[in-house]
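Student: If you scroll down you'll find the structure; I have some questions about it.
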Number of protein chains: 2
Amino acid sequence: MPVHQHIRVTADAVVLRFTSKEGMKVLLSKRSIPPHIFKWGLPGGFIRNDEPVEDAVHREIRDETGLRVNYLEQFRTFGEPERDPRGRVLCVAHIGLIKPSATKLVPGAGNKEARWYPVRELPQMAFDHDVVIAAALDHLRLKMRNEPLAFELLDAKFPVSELEKLYEWLYDRSVDRRNFQKKIHNLGLLTTQQEKLKHPLQGRPAQLYSFNRERFIELREKESYIEIFS
Amino acid sequence: MPVHQHIRVTADAVVLRFTSKEGMKVLLSKRSIPPHIFKWGLPGGFIRNDEPVEDAVHREIRDETGLRVNYLEQFRTFGEPERDPRGRVLCVAHIGLIKPSATKLVPGAGNKEARWYPVRELPQMAFDHDVVIAAALDHLRLKMRNEPLAFELLDAKFPVSELEKLYEWLYDRSVDRRNFQKKIHNLGLLTTQQEKLKHPLQGRPAQLYSFNRERFIELREKESYIEIFS
DNA sequence: TCAAAAGTGTTGGGGTTACACCCATGA
DNA sequence: TCATGGGTGTAACCCCAACACTTTTGA
């Protein structure tokens, strides 16, 4: 019966950042205590008795890395009995999305070392955190076709190509640049900005856009089904 | 720190069944103990210290209703600090799908009363279980466009119209019967059975089909994206 | 002037939409 | 024979895929 239950619960986050230059990266922090000491793991930790789960995630991310995500969503709870050598520990896993301009790590913000790792070149991970990251990406793949999550990973103003590269990275296939532009513009999800991209490394400077959330909400009410990416 | 953490965890299930005649129904059991005594709630309960979460769900469903689901998937964990008057209790919520032919409730299987309720006409619910049910349906809506979950809700052999009505119910809009048939058949997901529906209430007996899972897996490997329903 | 990346236009084909008609059964 | 639901077919249309060419910048 419940009185005998002894299960502990952590809240952890797969915090992602994306740039076309560096691809998708995940925020890891180096463990400074056992178990799995010195391995890399997801930011997170035990939730407090009267603390909402999401609050715990925000707190842990901030304490361990000094960062603040602008989107946070729970996606699954991992609970295999043997996943933590300390005993039964459930992990309520979240996806955090952060804009590239807000990802500068403050060295020694907490007393833990934190780093951005390319999602496809992970170091040796603590616990089952490699599985958690893979599941997070699967969840993203499921949602990003219909929900405007991509814009949470881009700066407020961005070129269309950056959006395109994000989808290309996530679904691991190339897309025709011109058809992609047409489709996005036909949906009307982008608002043209005054500015253009300053000092591109090469080539013509790209027009900058912002995400038109009002338009998206309006669309969602009108249409029975919105497909951002196929 | 973790030593002071006192959080309990339940595993609960939104078990669904669907028929075109009766629509979508959810399995509820009447609470026989406080809190929320005599209200209706989801089958579920505290997980054991060394028990996998999914096993706990299967066990609770069986004990409370005598049923066995043929599909079970975790979809979210509910953890607001005030959701349970007994203290901090997390609920790892699952979706269970069951075929109509396997849903006969054995009265008094456990010592709890269980019943199938129409999802759109719920009684007064215990805890936040009405919210949990709504979230389960949202999750289903997200997945059923691309994943073959619909077939978990239909008997092994079913008429196309039953599949169509299921999608119509879930997405709450009508679909052209003829176009729906064409699309499904073009995908090649259905295997024609020898039999036809016996003794329809009215009209011509429908051809029965079964889900061709091999074909679906083959499709998934070949195509970058499968859309069962738009 | 050239390379590189961005923006715009055209075409053909496949799939969806919107239709009508016939078939099989029970009453 | 009639009502009811099931099965099949066709045409218009739209969206998407596959293309080429022009524009704007830095070097």
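Labels for the structure tokens follow display order: chains A, B, ..., residues from 1 in each chain, ligands from 1.
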Show which residues sit within 12 Å of region 132-140 of chain B, as a VMD selection string. Count only C-alpha atoms (C1' of nucleotides), and ignore same-chain residues fewer than 6 positions away.
Tutor: (chain A and resid 75 139 142 to 143) or (chain B and resid 12 to 16 24 to 28 41 to 43 72 to 79 83 91 to 97 117 to 122 125 to 126 146 to 150 152 to 153 166 to 167 169 to 172)
Student: Counting only C-alpha atoms (C1' of nucleotides), which residues in chain D sit no more than 10 Å from region 197-202 of chain A? For each one, give the nearest pair of atoms and the distance in Å, sorted by chain then residue number, as a tab-separated table.
Tutor:
residue	atom	partner	partner_atom	distance
D:DT25	C1'	A:Gln202	CA	7.4
D:DG26	C1'	A:Gln202	CA	6.5
D:DA27	C1'	A:Gln202	CA	9.3
Student: Pull the closest atom pair for each residue of chain D that gets at most 6 Å from chain B, along with the distance in Å to one decimal, counting only C-alpha atoms (C1' of nucleotides), ordering rows by chain and then ascending residue number, as JSON lines.
Tutor:
{"residue": "D:DT4", "atom": "C1'", "partner": "B:Gly203", "partner_atom": "CA", "distance": 4.6}
{"residue": "D:DG5", "atom": "C1'", "partner": "B:Gly203", "partner_atom": "CA", "distance": 4.4}
{"residue": "D:DG6", "atom": "C1'", "partner": "B:Arg204", "partner_atom": "CA", "distance": 5.6}
Student: Can you check which residues of chain C have any atom within 10 Å of chain B? Use only C-alpha atoms (C1' of nucleotides) and format it as a PyMOL selection string.
Tutor: chain C and resi 15-18+23-27
Student: Enumerate as a VMD selection string all residues of region 65-164 of chain B assigned to helix (DSSP H, G or I) by DSSP on the backbone, naming them with the chain letters and numbers the document uses.
Tutor: chain B and resid 65 100 to 102 129 to 144 148 to 153 160 to 164
